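Chemist: My questions will all concern the structure given below.
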Amino acid sequence: MIDHRKLGRELDLFVSDPLAGAGLPIWLPAGAAARHAVEEYVRELERRSGHQHVYSPPLGKRELFELSGHLGYFADDMFPPMRLSADDEFVLRPALCPHHALVFRARGRSYRELPLRIAELGGMYRSERSGVLGGLSRVRAISLNDAHTFCAPDQVGEEVVEILGLIRAAHAALGVRPAGFRLSLRGPGEKYVGDDAQWARAEELLRAALAGVAYVEAPGEAAFYGPKIDIQIVDAAGRESTISTIQLDFDKPERFDLSYTDSDGSRRRPVMVHRSLVGSMERLFAYLIEVHEGAFPAWYAPVQLVLLPVDDGQAGAAADLARRAVDAGLRVEVDVAGSLGARVRDAARRRVPYLGVLGAREAAEGAVSLRLRNGRTLPQMPAPAALTLLSEQVAARAHDPLPPA
Ligand SMILES: [Zn+2]
């Protein structure tokens, strides 16, 4: 069976070292390269859709998380506070929302700024029990693709619909195939904040945004502060988890006393929409490694092109082409060690999308012969044409190695 932990080891994507601690994986250069490409894509998608990015620290004073409600409702999932002195305690944050509420509150806000979309790929922590941890799918240190939209009440519906569109775009680019949509509602016996009217209003808004979408209802799966739309994936072992989420929150704006000046000069309370397009980088990659069986689309493959000089005579030409490929923005390696057959097999094992073979004829003519990951070989072509082909496929975030014929 496909298992991202096994593939992660074979492809040198990440390592889980017991000395670092369970649920605290380390991203190796290949995994980090792929993650960088994905992060850049997501940041650009967000920038184009009106998000503003911030940085905030992954820990904060105890009082911040008392105010947010996390210590009251979510403490079981948090690491214990760290005491520096009797009146100075810090906690590792379990969510980014409290910091983003402070971003909104950093100065006076006008209705003209709404919807205000604050985004961050930020660190947060969950004190998962060691028994449930595994690879990247369940971790204690989480890098979340997160954003909070502060909007006027009558903007919520449109905002949710727009976020659903962004989620679909991100899924298509990455190759995420959702297993289903879920409307997560309150359940019995859990702790929730807010009154019934708020919950009913939020639920109604989410149902309206889901018009025309097939979804299931999941009582008991809501956040403690509001209902949410969850987009589910199923991993290779058949386990279901949430990859994307949109959550409505009328509570945190109250707790943080957030307000904006409306067009008539009155003070109004914004609604907070929490959303993640692709979830945490850890869970996303656990899924992507399995769904692509390690063969990522070229745009986020750790190494996009391996150049193979047939013998020492072409080493100079290969090094020169590699420099030009790096300048063109590609991730490239030159492999000179061992027989050509062994090097081709090694690149195939590493799921490298493009191989460039340089024999005496290619080197003499300034050309290269491309081999694709599926084993197909292309006729020899001028090296600049090969670099253009690869750059265009990467820029288009194509899933196929070649443009449509
Ligand atoms: Zn949040």
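Chain labels follow the order of the structure tokens: the first chain is A, the next B, and so on; residue numbering restarts at 1 in every chain, and ligands are counted from 1 in their shown order.
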Pick out the residues no farther than 8 Å from ligand 1, counting only C-alpha atoms and all ligand atoms, and list them as number ranges by chain.
Modeler: A: 95-98, 146-148, 247, 273-275
Chemist: May I have the selected residues written with C-alpha atoms, as a PDB file, in the first residue's frame?
Modeler:
```pdb
ATOM      1  CA  ALA A  95      -4.447  28.821  16.243  1.00  0.00           C
ATOM      2  CA  LEU A  96      -3.538  32.082  14.517  1.00  0.00           C
ATOM      3  CA  CYS A  97      -6.879  33.856  15.011  1.00  0.00           C
ATOM      4  CA  PRO A  98      -5.960  35.704  18.236  1.00  0.00           C
ATOM      5  CA  ASP A 146      -4.500  30.426   7.238  1.00  0.00           C
ATOM      6  CA  ALA A 147      -6.439  33.630   6.737  1.00  0.00           C
ATOM      7  CA  HIS A 148      -9.099  35.611   8.508  1.00  0.00           C
ATOM      8  CA  GLN A 247     -15.570  28.866   9.526  1.00  0.00           C
ATOM      9  CA  VAL A 273     -14.362  34.253   8.638  1.00  0.00           C
ATOM     10  CA  HIS A 274     -11.582  31.755   9.346  1.00  0.00           C
ATOM     11  CA  ARG A 275     -10.455  29.850   6.330  1.00  0.00           C
TER      12      ARG A 275
END
```
Chemist: Which range 187-293 of chain A residues have any atom within 9 Å of an atom of range 17-41 of chain A, and for each, what is the nearest pair of atoms with distance in Å to one decimal, counting only C-alpha atoms, rows sorted by chain and number, as a Markdown table?
Modeler:
```
| residue | atom | partner | partner_atom | distance |
| --- | --- | --- | --- | --- |
| A:Met281 | CA | A:Arg35 | CA | 7.3 |
| A:Glu282 | CA | A:Pro25 | CA | 8.9 |
| A:Phe285 | CA | A:Arg35 | CA | 8.0 |
```
Chemist: Within 10 Å of range 248-270 of chain A, which residues of range 137-243 of chain A come that close, and what is the closest atom pair and distance in Å for each? Count only C-alpha atoms and give it as a tab-separated table.
Modeler:
```
residue	atom	partner	partner_atom	distance
A:His148	CA	A:Leu248	CA	9.9
A:Thr149	CA	A:Pro270	CA	9.3
A:Phe150	CA	A:Pro270	CA	5.8
A:Cys151	CA	A:Pro270	CA	5.3
A:Ala152	CA	A:Pro270	CA	5.1
A:Pro153	CA	A:Pro270	CA	6.6
A:Asp154	CA	A:Pro270	CA	9.9
A:Gln155	CA	A:Pro270	CA	9.8
A:Val156	CA	A:Leu248	CA	8.5
A:Val160	CA	A:Leu248	CA	9.1
A:Val193	CA	A:Asp251	CA	7.1
A:Gly194	CA	A:Asp251	CA	6.1
A:Asp195	CA	A:Asp251	CA	9.3
A:Gln198	CA	A:Phe250	CA	6.9
A:Trp199	CA	A:Phe250	CA	8.6
A:Arg201	CA	A:Phe250	CA	9.7
A:Ala202	CA	A:Leu248	CA	6.2
A:Glu203	CA	A:Leu248	CA	8.5
A:Leu205	CA	A:Leu248	CA	8.8
A:Leu206	CA	A:Leu248	CA	8.2
A:Ala222	CA	A:Leu248	CA	10.0
A:Ala223	CA	A:Asp249	CA	9.1
A:Phe224	CA	A:Asp249	CA	9.4
A:Tyr225	CA	A:Asp249	CA	5.9
A:Gly226	CA	A:Asp249	CA	5.4
A:Pro227	CA	A:Leu248	CA	6.2
A:Lys228	CA	A:Leu248	CA	6.4
A:Ile229	CA	A:Leu248	CA	9.0
```
Chemist: Select from range 65-262 of chain A everything DSSP, run on the backbone, classes as alpha helix (DSSP H), then give the selection as a ChimeraX atom specification.
Modeler: /A:65-67,70-73,97-105,156-174,196-209,251-255
Chemist: Excluding Glu392 in chain A and any residue of its chain fewer than 5 positions from it, enumerate the residues within 10 Å of it, using only C-alpha atoms, and give them as JSON, numbers by chain.
Modeler: {"A": [299, 386, 387, 397, 398, 402, 403]}
Chemist: CA of Glu290 in chain A and CA of Ile246 in chain A, how far apart in Å?
Modeler: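 Straight-line distance from CA of Ile246 in chain A to CA of Glu290 in chain A works out to 24.7 Å.
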